[in-house]
$ cat work.txt   # compact mmCIF, C-alpha atoms and all ligand atoms
# COMPACT_ATOMS: atom_id res chain seq x y z
CA MET B 1 -5.96 42.05 -7.45
CA ILE B 2 -8.38 39.62 -5.83
CA ARG B 3 -11.71 41.36 -5.28
CA ILE B 4 -13.40 40.88 -1.93
CA ALA B 5 -17.17 41.07 -1.96
CA VAL B 6 -18.99 41.51 1.33
CA ALA B 7 -22.66 40.61 1.12
CA GLY B 8 -25.23 41.94 3.55
CA ALA B 9 -22.68 43.33 6.01
CA GLY B 10 -24.41 44.58 9.14
CA PRO B 11 -23.83 48.25 10.01
CA ASP B 12 -21.59 47.20 12.93
CA VAL B 13 -19.05 45.41 10.68
CA GLU B 14 -19.36 47.18 7.32
CA SER B 15 -16.71 49.83 7.87
CA THR B 16 -14.28 47.28 9.40
CA TYR B 17 -14.44 45.18 6.22
CA ALA B 18 -14.25 48.22 3.94
CA THR B 19 -11.12 49.38 5.78
CA ALA B 20 -9.55 45.91 5.85
CA ALA B 21 -10.21 45.12 2.18
CA GLN B 22 -9.18 48.60 0.97
CA GLU B 23 -9.52 48.99 -2.79
CA ALA B 24 -10.42 45.30 -3.21
CA TYR B 25 -13.73 45.94 -1.41
CA VAL B 26 -17.00 45.36 -3.23
CA ALA B 27 -20.23 45.87 -1.26
CA PHE B 28 -23.18 43.60 -2.02
CA PRO B 29 -26.65 43.74 -0.50
CA ALA B 30 -27.72 40.71 1.54
CA PRO B 31 -28.26 37.56 -0.57
CA TYR B 32 -31.91 36.68 -1.03
CA SER B 33 -31.53 33.14 -2.37
CA GLU B 34 -29.16 30.17 -2.32
CA ASN B 35 -28.59 30.58 -6.04
CA PRO B 36 -25.18 32.17 -6.69
CA ALA B 37 -26.51 33.67 -9.92
CA ASP B 38 -28.85 35.90 -7.93
CA LEU B 39 -25.90 37.32 -6.05
CA LEU B 40 -23.36 37.44 -8.85
CA GLY B 41 -25.94 38.74 -11.35
CA ARG B 42 -25.56 42.07 -9.59
CA LEU B 43 -22.06 42.34 -11.03
CA ASN B 44 -23.40 43.00 -14.52
CA GLY B 45 -21.25 40.37 -16.16
CA ALA B 46 -17.99 41.10 -14.29
CA PRO B 47 -16.19 37.93 -13.14
CA ALA B 48 -17.02 36.51 -9.72
CA PRO B 49 -14.94 38.00 -6.89
CA GLY B 50 -12.14 35.81 -5.52
CA VAL B 51 -13.45 36.16 -1.99
CA ILE B 52 -17.10 36.40 -0.92
CA VAL B 53 -17.88 37.25 2.69
CA LEU B 54 -21.42 36.52 3.82
CA ASP B 55 -22.78 38.12 6.96
CA SER B 56 -24.66 35.06 8.18
CA ARG B 57 -26.27 36.68 11.18
CA THR B 58 -29.54 37.58 9.44
CA ASP B 59 -30.16 34.24 7.68
CA LEU B 60 -27.68 31.51 8.55
CA GLU B 61 -29.42 28.69 6.63
CA LEU B 62 -29.57 30.71 3.44
CA CYS B 63 -25.89 31.65 3.75
CA LEU B 64 -24.84 28.02 4.31
CA GLY B 65 -26.89 26.92 1.31
CA LEU B 66 -25.39 29.68 -0.82
CA ALA B 67 -21.87 28.80 0.36
CA GLY B 68 -22.45 25.17 -0.68
CA ARG B 69 -23.60 26.20 -4.15
CA LEU B 70 -20.69 28.64 -4.54
CA ALA B 71 -18.23 25.88 -3.60
CA THR B 72 -19.43 23.66 -6.44
CA GLU B 73 -20.41 26.22 -9.06
CA HIS B 74 -17.54 28.69 -8.49
CA PRO B 75 -14.67 26.60 -7.12
CA ASP B 76 -12.22 29.49 -7.53
CA THR B 77 -14.17 31.55 -5.01
CA VAL B 78 -13.28 31.47 -1.33
CA VAL B 79 -16.26 31.95 1.00
CA LEU B 80 -16.01 33.37 4.52
CA LEU B 81 -18.85 33.74 7.00
CA ILE B 82 -19.28 36.53 9.51
CA THR B 83 -20.90 34.93 12.53
CA ASP B 84 -21.55 35.32 16.21
CA GLN B 85 -21.61 31.53 16.62
CA ALA B 86 -18.02 30.73 15.65
CA GLU B 87 -17.67 28.28 18.54
CA THR B 88 -20.57 26.05 17.56
CA LEU B 89 -20.84 26.51 13.81
CA GLY B 90 -17.42 25.13 12.86
CA LEU B 91 -18.07 21.71 11.35
CA ARG B 92 -21.39 22.60 9.73
CA ALA B 93 -19.87 25.58 8.02
CA MET B 94 -16.85 23.60 6.83
CA ARG B 95 -19.15 20.93 5.41
CA ALA B 96 -20.97 23.65 3.50
CA GLY B 97 -17.69 24.64 1.87
CA VAL B 98 -16.99 27.73 3.99
CA LYS B 99 -13.25 28.31 4.25
CA ASP B 100 -13.20 30.40 7.41
CA LEU B 101 -15.45 31.87 10.07
CA VAL B 102 -14.85 35.43 11.17
CA PRO B 103 -16.43 36.40 14.50
CA ALA B 104 -18.62 39.50 14.19
CA ILE B 105 -16.61 41.07 17.00
CA ALA B 106 -13.28 40.67 15.15
CA ASP B 107 -11.26 43.88 15.03
CA THR B 108 -9.77 45.43 11.90
CA GLN B 109 -6.48 43.57 12.27
CA GLN B 110 -8.16 40.17 12.61
CA VAL B 111 -10.42 40.90 9.66
CA THR B 112 -7.42 42.07 7.61
CA GLU B 113 -5.62 38.80 8.36
CA ALA B 114 -8.64 36.67 7.49
CA LEU B 115 -9.16 38.55 4.21
CA HIS B 116 -5.47 38.37 3.40
CA ASP B 117 -5.42 34.57 3.86
CA ALA B 118 -8.60 34.17 1.84
CA ALA B 119 -7.29 36.36 -1.01
CA HIS B 120 -4.06 34.38 -1.00
CA LEU B 121 -5.94 31.09 -1.36
CA ALA B 122 -8.18 32.58 -4.07
CA LYS B 123 -5.09 33.62 -6.01
CA LYS B 124 -3.67 30.11 -5.77
CA LEU B 125 -6.93 28.59 -6.94
CA ALA B 126 -7.16 30.94 -9.90
CA ALA B 127 -3.55 30.21 -10.90
CA HIS B 128 -4.08 26.49 -10.52
CA HIS B 129 -7.17 26.40 -12.70
CA ALA B 130 -5.61 28.70 -15.30
CA ALA B 131 -2.50 26.57 -15.80
CA PRO B 132 -3.08 22.84 -15.68
CA GLN B 133 0.06 20.73 -15.46
CA GLU B 134 1.65 19.34 -18.56
CA ASN B 135 3.92 16.29 -18.63
CA GLU B 136 2.11 13.91 -16.33
CA PRO B 137 4.67 12.44 -13.94
CA THR B 138 5.10 8.71 -13.82
CA GLY B 139 5.75 7.92 -10.16
CA ARG B 140 3.30 8.25 -7.31
CA VAL B 141 3.71 11.25 -5.07
CA ILE B 142 2.45 10.48 -1.58
CA THR B 143 2.15 13.56 0.62
CA VAL B 144 1.36 13.26 4.31
CA VAL B 145 -0.65 16.24 5.52
CA SER B 146 -2.23 17.08 8.82
CA PRO B 147 -3.58 20.39 10.06
CA LYS B 148 -2.14 19.91 13.53
CA GLY B 149 1.40 19.38 14.77
CA GLY B 150 2.42 16.17 16.45
CA ALA B 151 -0.23 14.00 14.75
CA GLY B 152 2.46 11.62 13.49
CA LYS B 153 3.24 12.90 9.99
CA THR B 154 6.94 12.20 10.22
CA THR B 155 6.35 8.82 11.80
CA VAL B 156 3.94 7.80 9.04
CA ALA B 157 6.03 9.29 6.21
CA THR B 158 9.32 7.71 7.29
CA ASN B 159 7.84 4.28 8.06
CA LEU B 160 5.87 4.20 4.83
CA ALA B 161 8.90 5.30 2.80
CA VAL B 162 11.07 2.64 4.43
CA ALA B 163 8.39 0.02 3.73
CA LEU B 164 8.20 0.96 0.03
CA ALA B 165 11.98 1.22 -0.35
CA SER B 166 12.56 -2.14 1.33
CA ALA B 167 9.97 -3.86 -0.85
CA MET B 168 11.22 -2.32 -4.09
CA PRO B 169 14.89 -1.32 -4.07
CA HIS B 170 15.75 2.13 -5.48
CA SER B 171 12.09 2.87 -5.91
CA THR B 172 11.55 5.49 -3.26
CA VAL B 173 12.68 8.94 -2.19
CA ILE B 174 11.43 10.86 0.82
CA VAL B 175 11.38 14.66 0.81
CA ASP B 176 11.30 16.56 4.09
CA LEU B 177 9.14 19.60 3.47
CA ASP B 178 8.95 20.56 7.12
CA LEU B 179 11.34 23.27 6.06
CA GLN B 180 12.04 24.85 9.42
CA PHE B 181 12.00 21.95 11.83
CA GLY B 182 12.19 18.88 9.64
CA ASP B 183 13.42 15.79 11.44
CA VAL B 184 13.29 13.08 8.77
CA ALA B 185 17.09 12.80 8.71
CA THR B 186 17.13 12.41 12.50
CA ALA B 187 14.35 9.83 12.41
CA LEU B 188 16.49 7.86 9.94
CA ASN B 189 19.74 8.42 11.86
CA LEU B 190 21.39 10.13 8.90
CA THR B 191 24.07 12.79 8.85
CA PRO B 192 23.47 14.29 5.41
CA GLN B 193 26.01 16.14 3.32
CA HIS B 194 23.38 17.75 1.12
CA PHE B 195 20.08 19.37 2.01
CA LEU B 196 16.98 20.51 0.16
CA PRO B 197 18.49 23.83 -1.06
CA ASP B 198 21.42 21.90 -2.62
CA VAL B 199 19.04 19.55 -4.38
CA LEU B 200 16.93 22.46 -5.59
CA GLN B 201 19.99 24.04 -7.15
CA SER B 202 20.45 21.09 -9.47
CA VAL B 203 16.72 20.98 -10.18
CA ALA B 204 16.93 24.59 -11.35
CA THR B 205 19.60 23.68 -13.87
CA GLY B 206 17.62 20.59 -14.94
CA ASP B 207 20.63 18.41 -14.16
CA THR B 208 19.01 15.14 -13.07
CA ILE B 209 22.31 13.36 -12.56
CA ALA B 210 23.66 16.10 -10.28
CA MET B 211 20.36 16.08 -8.45
CA LYS B 212 20.63 12.36 -7.77
CA THR B 213 24.17 12.71 -6.43
CA ARG B 214 22.80 15.14 -3.87
CA LEU B 215 20.31 12.67 -2.45
CA THR B 216 21.25 10.93 0.79
CA LEU B 217 21.06 7.14 0.75
CA HIS B 218 19.64 5.30 3.75
CA ASP B 219 20.56 1.70 4.70
CA THR B 220 17.19 0.46 3.46
CA GLY B 221 17.82 1.79 -0.08
CA LEU B 222 15.59 4.80 0.58
CA TYR B 223 16.78 8.10 -0.92
CA VAL B 224 16.34 11.17 1.23
CA VAL B 225 16.06 14.91 0.59
CA PRO B 226 16.58 16.35 4.07
CA ALA B 227 15.06 19.66 5.15
CA PRO B 228 17.39 22.69 5.08
CA ASP B 229 19.98 22.54 7.85
CA HIS B 230 19.06 26.09 8.86
CA PRO B 231 15.46 27.25 9.47
CA ALA B 232 16.06 30.62 7.76
CA ALA B 233 16.70 28.86 4.45
CA ALA B 234 12.98 28.09 4.24
CA ASP B 235 12.23 31.72 3.35
CA SER B 236 14.04 31.53 0.06
CA ILE B 237 12.31 28.34 -1.13
CA THR B 238 9.19 28.88 -3.23
CA SER B 239 6.23 26.56 -3.70
CA GLY B 240 7.03 26.53 -7.42
CA GLN B 241 10.46 25.08 -6.67
CA VAL B 242 8.85 22.41 -4.52
CA SER B 243 6.49 21.48 -7.35
CA GLN B 244 9.32 21.35 -9.84
CA LEU B 245 11.41 19.14 -7.55
CA LEU B 246 8.59 16.65 -7.01
CA GLN B 247 7.79 16.57 -10.69
CA LEU B 248 11.39 15.74 -11.50
CA LEU B 249 11.69 13.15 -8.72
CA SER B 250 8.47 11.46 -9.79
CA ARG B 251 9.99 10.85 -13.19
CA GLU B 252 12.98 9.15 -11.54
CA PHE B 253 11.31 7.23 -8.70
CA ALA B 254 8.23 5.04 -8.44
CA TYR B 255 7.39 6.60 -5.07
CA VAL B 256 8.04 10.08 -3.77
CA VAL B 257 6.97 10.34 -0.14
CA VAL B 258 6.62 13.86 1.24
CA ASP B 259 6.60 14.83 4.90
CA THR B 260 5.15 18.27 5.61
CA SER B 261 4.89 20.84 8.38
CA PRO B 262 1.56 21.22 10.21
CA GLY B 263 -1.25 22.87 8.24
CA ILE B 264 -1.39 23.77 4.59
CA THR B 265 1.52 26.08 3.89
CA ASP B 266 2.47 27.44 0.49
CA HIS B 267 5.12 24.74 0.25
CA THR B 268 2.59 22.03 1.03
CA LEU B 269 0.29 23.44 -1.65
CA GLY B 270 3.22 23.25 -4.05
CA ALA B 271 3.61 19.59 -3.10
CA LEU B 272 -0.11 18.87 -3.32
CA ASP B 273 -0.04 20.20 -6.84
CA GLN B 274 2.06 17.17 -7.79
CA THR B 275 0.52 14.70 -5.35
CA THR B 276 -1.22 11.58 -6.60
CA ASP B 277 -1.91 10.09 -3.16
CA PRO B 278 -2.55 12.53 -0.33
CA ILE B 279 -2.39 10.90 3.08
CA LEU B 280 -4.76 12.83 5.30
CA LEU B 281 -3.69 12.28 8.86
CA THR B 282 -5.64 13.08 11.98
CA THR B 283 -5.96 12.14 15.59
CA LEU B 284 -9.38 11.54 17.13
CA SER B 285 -9.74 15.10 18.41
CA VAL B 286 -12.24 17.78 17.45
CA PRO B 287 -9.59 20.33 16.38
CA GLY B 288 -7.75 17.63 14.42
CA VAL B 289 -10.83 16.44 12.56
CA SER B 290 -12.30 19.89 11.89
CA GLY B 291 -8.90 21.06 10.69
CA LEU B 292 -8.69 18.09 8.37
CA ARG B 293 -12.12 18.95 7.02
CA LYS B 294 -10.65 22.27 5.87
CA VAL B 295 -7.83 20.36 4.23
CA VAL B 296 -10.34 18.12 2.43
CA ASP B 297 -12.25 21.19 1.26
CA THR B 298 -9.08 22.79 -0.02
CA LEU B 299 -8.15 19.62 -1.88
CA SER B 300 -11.66 19.33 -3.31
CA VAL B 301 -11.61 22.87 -4.58
CA LEU B 302 -8.19 22.29 -6.12
CA GLN B 303 -9.63 19.13 -7.70
CA MET B 304 -6.99 17.10 -5.88
CA PHE B 305 -9.48 15.11 -3.89
CA THR B 306 -9.57 11.88 -5.84
CA ASP B 307 -10.10 8.19 -5.24
CA HIS B 308 -6.45 7.99 -4.24
CA ASN B 309 -6.90 9.82 -0.94
CA HIS B 310 -5.91 7.85 2.11
CA LEU B 311 -7.49 8.83 5.40
CA VAL B 312 -5.31 7.73 8.30
CA VAL B 313 -6.18 8.05 11.99
CA ASN B 314 -3.20 7.98 14.33
CA PHE B 315 -3.34 7.31 18.07
CA ALA B 316 -6.62 5.64 17.10
CA ASP B 317 -7.24 4.12 20.51
CA THR B 318 -6.93 7.47 22.25
CA THR B 319 -10.33 9.03 21.62
CA HIS B 320 -11.27 12.44 22.90
CA GLY B 321 -15.00 11.92 22.51
CA VAL B 322 -14.58 11.53 18.73
CA SER B 323 -15.17 8.16 17.10
CA GLN B 324 -13.92 6.88 13.76
CA LYS B 325 -17.52 7.02 12.56
CA ASP B 326 -17.57 10.75 13.39
CA VAL B 327 -14.44 11.15 11.30
CA ASP B 328 -16.00 9.26 8.35
CA GLU B 329 -19.11 11.38 8.53
CA THR B 330 -17.35 14.70 8.96
CA LEU B 331 -14.88 14.14 6.20
CA GLY B 332 -17.12 12.16 3.88
CA VAL B 333 -14.30 9.67 3.33
CA PRO B 334 -13.98 6.35 5.15
CA VAL B 335 -11.02 5.86 7.48
CA GLU B 336 -8.63 3.61 5.57
CA THR B 337 -5.98 3.02 8.19
CA SER B 338 -6.11 3.24 11.98
CA ILE B 339 -2.82 3.29 13.82
CA PRO B 340 -3.10 2.54 17.52
CA VAL B 341 -0.73 3.90 20.13
CA SER B 342 2.63 2.18 19.71
CA LYS B 343 4.97 1.89 22.66
CA GLY B 344 7.88 1.49 20.28
CA ALA B 345 7.25 4.62 18.20
CA PRO B 346 8.83 7.30 20.44
CA ALA B 347 11.87 5.10 21.14
CA SER B 348 12.36 4.40 17.43
CA VAL B 349 12.68 8.14 16.79
CA ASN B 350 15.36 8.38 19.47
CA THR B 351 17.36 5.50 18.03
CA GLY B 352 16.81 6.62 14.44
CA VAL B 353 15.61 3.19 13.35
CA PRO B 354 12.04 3.26 12.04
CA LEU B 355 9.87 0.40 13.24
CA MET B 356 9.39 -0.68 9.62
CA GLN B 357 13.14 -1.09 9.33
CA SER B 358 13.54 -3.12 12.51
CA ARG B 359 10.61 -5.31 11.34
CA ALA B 360 9.27 -4.94 14.83
CA ARG B 361 6.19 -6.76 16.03
CA ASP B 362 4.39 -3.50 16.55
CA PRO B 363 0.84 -2.17 16.05
CA LEU B 364 2.16 0.72 13.96
CA VAL B 365 3.93 -1.62 11.54
CA LYS B 366 0.89 -3.89 11.43
CA ALA B 367 -1.37 -0.93 10.59
CA LEU B 368 0.90 0.64 7.97
CA ALA B 369 1.86 -2.56 6.13
CA PRO B 370 -1.53 -2.90 4.35
CA LEU B 371 -1.39 0.76 3.30
CA ALA B 372 2.08 0.23 1.83
CA SER B 373 0.85 -2.95 0.13
CA ARG B 374 -1.95 -1.08 -1.58
CA LEU B 375 0.58 1.41 -2.94
CA LEU B 376 2.93 -1.35 -4.15
CA PRO B 377 2.37 -3.08 -7.49
CA ASP B 378 0.27 -6.22 -7.81
CA GLY B 379 2.18 -9.23 -6.58
CA VAL B 380 4.20 -7.30 -3.99
CA ASP B 381 2.65 -7.42 -0.58
CA LEU B 382 3.88 -6.85 2.98
CA ASP B 383 3.06 -9.03 5.94
CA LYS B 384 2.20 -7.61 9.36
CA ARG B 385 5.88 -7.10 10.18
CA GLY B 386 6.56 -5.24 6.95
CA ARG B 387 8.28 -8.17 5.20
CA VAL B 388 7.56 -8.86 1.54
CA ARG B 389 5.37 -11.86 0.82
CA GLU B 390 3.80 -13.13 -2.38
CA ARG B 391 0.36 -11.73 -2.98
CA LYS B 392 -2.21 -14.40 -3.72
CA ARG B 393 -5.03 -12.28 -5.08
CA ALA B 394 -5.11 -9.45 -7.61
CA LYS B 395 -5.42 -5.91 -6.37
CA THR B 396 -8.54 -3.91 -6.85
N1 LIG B 401 0.97 5.64 16.84
C1 LIG B 401 1.82 6.20 17.67
N2 LIG B 401 1.97 5.71 18.92
C2 LIG B 401 2.82 6.28 19.81
N3 LIG B 401 3.58 7.34 19.54
C3 LIG B 401 3.48 7.88 18.32
C4 LIG B 401 2.61 7.34 17.32
N4 LIG B 401 2.74 8.10 16.20
C5 LIG B 401 3.64 9.05 16.49
N5 LIG B 401 4.09 8.93 17.76
C6 LIG B 401 5.05 9.78 18.47
O1 LIG B 401 4.47 11.06 18.56
C7 LIG B 401 5.46 12.07 18.43
C8 LIG B 401 5.07 12.98 17.29
O2 LIG B 401 5.12 12.23 16.09
P1 LIG B 401 5.69 12.86 14.76
O3 LIG B 401 6.96 13.57 14.99
O4 LIG B 401 5.65 11.80 13.74
O5 LIG B 401 4.52 13.91 14.48
P2 LIG B 401 4.50 15.09 13.40
O6 LIG B 401 3.09 15.22 12.94
O7 LIG B 401 5.52 14.85 12.37
O8 LIG B 401 4.91 16.32 14.30
P3 LIG B 401 5.33 17.77 13.77
O9 LIG B 401 4.04 18.47 13.42
O10 LIG B 401 5.99 18.39 14.97
O11 LIG B 401 6.23 17.59 12.61
C9 LIG B 401 6.77 11.34 18.21
O12 LIG B 401 7.43 11.22 19.44
C10 LIG B 401 6.35 9.96 17.73
O13 LIG B 401 7.28 8.96 18.07
MG MG B 402 7.06 16.06 11.67
$ encode --input "work.txt" --output "structure tokens" --more "lines below"
Ligand SMILES: Nc1ncnc2c1ncn2[C@@H]1O[C@H](COP(=O)(O)OP(=O)(O)OP(=O)(O)O)[C@@H](O)[C@H]1O
Ligand SMILES: [Mg+2]
Amino acid sequence: MIRIAVAGAGPDVESTYATAAQEAYVAFPAPYSENPADLLGRLNGAPAPGVIVLDSRTDLELCLGLAGRLATEHPDTVVLLITDQAETLGLRAMRAGVKDLVPAIADTQQVTEALHDAAHLAKKLAAHHAAPQENEPTGRVITVVSPKGGAGKTTVATNLAVALASAMPHSTVIVDLDLQFGDVATALNLTPQHFLPDVLQSVATGDTIAMKTRLTLHDTGLYVVPAPDHPAAADSITSGQVSQLLQLLSREFAYVVVDTSPGITDHTLGALDQTTDPILLTTLSVPGVSGLRKVVDTLSVLQMFTDHNHLVVNFADTTHGVSQKDVDETLGVPVETSIPVSKGAPASVNTGVPLMQSRARDPLVKALAPLASRLLPDGVDLDKRGRVRERKRAKT
């Protein structure tokens, strides 16, 4: 059981949290310093709780400082803040490593949901740190994640996969992990015979040859694992199966590109567990960027936030009062790729021919080609229409 410690809960919220956390509840007095040891020392040597809720209404600065120290010193611990400034505090709290803000006026059901999500994440973190992966995979696993729907994950994933596959034949497989509404097959104009559950069956038996026969081949030489053909099938797929699939594929392919559903679902966490190159995708909107900050925090805590992260802004010329500099500063990572609005993108989905395949003169192709080039080996480089050209200089 993940223990949920609530520190300094005001009298108006105390019983709500005690009820919501049930037997996992541990009451702490208000923290008096930013040093986690001062708080956790009160446990008399018992391990740190998986979830720590700080009532920030008495001393916000102290709670933010403490949250920051907990994030680095106890990365398995998930910190929530009780606040009456949820509207304005968002980005600052996320930067301090807080995973969620719970309004002080939240009712028992809302608090139960917030604690449930936090405990779930804490469990994942504990499991991840307890069992590091063996058998390092050989290929690169490139997972496109975005907290919000419609940011362009499928567009980026399919075009990037086509670019890699075209540059290096038989090098690339794309996996559609948008399990309920995946549209990778449609974006590639494929009518698959086999879907993710079929491929997983052969993964379970460890039969690599059978697994490969269940991949769908696209005209560009790209292999495809389409999402289940029925949304209900998603329920029976576990994150462990997703991890196992990607591990196996990464031994067979140089590039495994993964499209995901919005947010960080269990399945996406399973994919991130095997990911070498997360592509963090956002639009220039406040919800998009603050959501992505949470993604960055999750990756950091899972120690998956490495030099191989790629921050991509889509619809980059459609700002909603947010600049690329704001994104850099909020996320602490420079924007690597900016994709402007492309007139051809929506039409390419309808025709099922990705812009990278049609070698279109298009801003999306021009923006994604350098990203693909950086993923490709030295000496293989794409020009602004996605065509292979000889690279003159060595890669860094
Ligand atoms: N740079 C762009 N310029 C113009 N249109 C774009 C661009 N990127 C994506 N689109 C269009 O935006 C729509 C949403 O893109 P896409 O399906 O790739 O997003 P998504 O993040 O995968 O969405 P979902 O969360 O629903 O899976 C599509 O119609 C796509 O053609
Ligand atoms: Mg999509």
$ closest_residue --input "work.txt" --among "B:Gly288, B:Gly240, B:Gly150, B:Pro354" --to "ligand MG 402 (chain B)" --atoms "all atoms listed in the file"
B:Gly150
$ residues_near_ligand --input "work.txt" --ligand "ligand LIG 401 (chain B)" --cutoff "6 Å" --atoms "all atoms listed in the file" --output "PDB file with C-alpha atoms, in the coordinates of the input"
ATOM      1  CA  GLY B 149       1.400  19.380  14.770  1.00  0.00           C
ATOM      2  CA  GLY B 150       2.420  16.170  16.450  1.00  0.00           C
ATOM      3  CA  ALA B 151      -0.230  14.000  14.750  1.00  0.00           C
ATOM      4  CA  GLY B 152       2.460  11.620  13.490  1.00  0.00           C
ATOM      5  CA  LYS B 153       3.240  12.900   9.990  1.00  0.00           C
ATOM      6  CA  THR B 154       6.940  12.200  10.220  1.00  0.00           C
ATOM      7  CA  THR B 155       6.350   8.820  11.800  1.00  0.00           C
ATOM      8  CA  SER B 261       4.890  20.840   8.380  1.00  0.00           C
ATOM      9  CA  PRO B 262       1.560  21.220  10.210  1.00  0.00           C
ATOM     10  CA  ASN B 314      -3.200   7.980  14.330  1.00  0.00           C
ATOM     11  CA  PHE B 315      -3.340   7.310  18.070  1.00  0.00           C
ATOM     12  CA  ILE B 339      -2.820   3.290  13.820  1.00  0.00           C
ATOM     13  CA  PRO B 340      -3.100   2.540  17.520  1.00  0.00           C
ATOM     14  CA  VAL B 341      -0.730   3.900  20.130  1.00  0.00           C
ATOM     15  CA  SER B 342       2.630   2.180  19.710  1.00  0.00           C
ATOM     16  CA  LYS B 343       4.970   1.890  22.660  1.00  0.00           C
ATOM     17  CA  ALA B 345       7.250   4.620  18.200  1.00  0.00           C
ATOM     18  CA  PRO B 346       8.830   7.300  20.440  1.00  0.00           C
ATOM     19  CA  VAL B 349      12.680   8.140  16.790  1.00  0.00           C
ATOM     20  CA  LEU B 364       2.160   0.720  13.960  1.00  0.00           C
TER      21      LEU B 364
END
$ residues_near_ligand --input "work.txt" --ligand "ligand MG 402 (chain B)" --cutoff "12 Å" --atoms "only C-alpha atoms and all ligand atoms" --output "PyMOL selection string"
chain B and resi 144-158+175-187+227+258-263+281+349
$ residues_near_point --input "work.txt" --point "(15.2, 7.6, -7.6)" --cutoff "12 Å" --atoms "all atoms listed in the file" --output "mmCIF file with C-alpha atoms, in the frame of the given file"
data_model
loop_
_atom_site.group_PDB
_atom_site.id
_atom_site.type_symbol
_atom_site.label_atom_id
_atom_site.label_comp_id
_atom_site.auth_asym_id
_atom_site.auth_seq_id
_atom_site.Cartn_x
_atom_site.Cartn_y
_atom_site.Cartn_z
ATOM 1 C CA THR B 138 5.100 8.710 -13.820
ATOM 2 C CA GLY B 139 5.750 7.920 -10.160
ATOM 3 C CA ARG B 140 3.300 8.250 -7.310
ATOM 4 C CA ALA B 165 11.980 1.220 -0.350
ATOM 5 C CA MET B 168 11.220 -2.320 -4.090
ATOM 6 C CA PRO B 169 14.890 -1.320 -4.070
ATOM 7 C CA HIS B 170 15.750 2.130 -5.480
ATOM 8 C CA SER B 171 12.090 2.870 -5.910
ATOM 9 C CA THR B 172 11.550 5.490 -3.260
ATOM 10 C CA VAL B 173 12.680 8.940 -2.190
ATOM 11 C CA ILE B 174 11.430 10.860 0.820
ATOM 12 C CA VAL B 175 11.380 14.660 0.810
ATOM 13 C CA THR B 208 19.010 15.140 -13.070
ATOM 14 C CA ILE B 209 22.310 13.360 -12.560
ATOM 15 C CA MET B 211 20.360 16.080 -8.450
ATOM 16 C CA LYS B 212 20.630 12.360 -7.770
ATOM 17 C CA THR B 213 24.170 12.710 -6.430
ATOM 18 C CA ARG B 214 22.800 15.140 -3.870
ATOM 19 C CA LEU B 215 20.310 12.670 -2.450
ATOM 20 C CA THR B 216 21.250 10.930 0.790
ATOM 21 C CA LEU B 217 21.060 7.140 0.750
ATOM 22 C CA GLY B 221 17.820 1.790 -0.080
ATOM 23 C CA LEU B 222 15.590 4.800 0.580
ATOM 24 C CA TYR B 223 16.780 8.100 -0.920
ATOM 25 C CA VAL B 224 16.340 11.170 1.230
ATOM 26 C CA VAL B 225 16.060 14.910 0.590
ATOM 27 C CA LEU B 246 8.590 16.650 -7.010
ATOM 28 C CA LEU B 248 11.390 15.740 -11.500
ATOM 29 C CA LEU B 249 11.690 13.150 -8.720
ATOM 30 C CA SER B 250 8.470 11.460 -9.790
ATOM 31 C CA ARG B 251 9.990 10.850 -13.190
ATOM 32 C CA GLU B 252 12.980 9.150 -11.540
ATOM 33 C CA PHE B 253 11.310 7.230 -8.700
ATOM 34 C CA ALA B 254 8.230 5.040 -8.440
ATOM 35 C CA TYR B 255 7.390 6.600 -5.070
ATOM 36 C CA VAL B 256 8.040 10.080 -3.770
ATOM 37 C CA VAL B 257 6.970 10.340 -0.140
#
$ atom_distance --input "work.txt" --atom1 "atom CA of Ile105 of chain B" --atom2 "atom CA of Val78 of chain B"
21.0 Å
$ residues_near_point --input "work.txt" --point "(-16.0, 29.5, 10.3)" --cutoff "7 Å" --atoms "only C-alpha atoms" --output "list in words"
Leu80, Leu81, Ala86, Leu89, Gly90, Ala93, Met94, Val98, Lys99, Asp100, Leu101 and Val102 of chain B
$ closest_residue --input "work.txt" --among "B:Ser239, B:Asn159, B:Asn309, B:Gln247" --to "Thr220 of chain B" --atoms "all atoms listed in the file"
B:Asn159
$ atom_distance --input "work.txt" --atom1 "atom CA of Leu70 of chain B" --atom2 "atom CA of Ala48 of chain B"
10.1 Å
$ closest_residue --input "work.txt" --among "B:Asp207, B:Ser15, B:Ala167, B:Pro228" --to "Asp383 of chain B" --atoms "all atoms listed in the file"
B:Ala167
$ residues_around --input "work.txt" --residues "Pro103 of chain B" --least-positions-apart "3" --cutoff "7 Å" --atoms "all atoms listed in the file" --output "list in words"
Ile82, Thr83, Asp84, Ala86 and Ala106 of chain B
$ write_last_selection --input "work.txt" --atoms "C-alpha atoms" --output "short mmCIF file (atom, residue, chain, number, x, y, z; two decimals), in the coordinates of the input"
data_model
loop_
_atom_site.label_atom_id
_atom_site.label_comp_id
_atom_site.auth_asym_id
_atom_site.auth_seq_id
_atom_site.Cartn_x
_atom_site.Cartn_y
_atom_site.Cartn_z
CA ILE B 82 -19.28 36.53 9.51
CA THR B 83 -20.90 34.93 12.53
CA ASP B 84 -21.55 35.32 16.21
CA ALA B 86 -18.02 30.73 15.65
CA ALA B 106 -13.28 40.67 15.15
#
$ atom_distance --input "work.txt" --atom1 "atom CA of Arg69 of chain B" --atom2 "atom CA of Glu329 of chain B"
20.0 Å
$ closest_residue --input "work.txt" --among "B:Ala7, B:Leu245, B:Leu54, B:Leu66" --to "Ala37 of chain B" --atoms "only C-alpha atoms"
B:Leu66
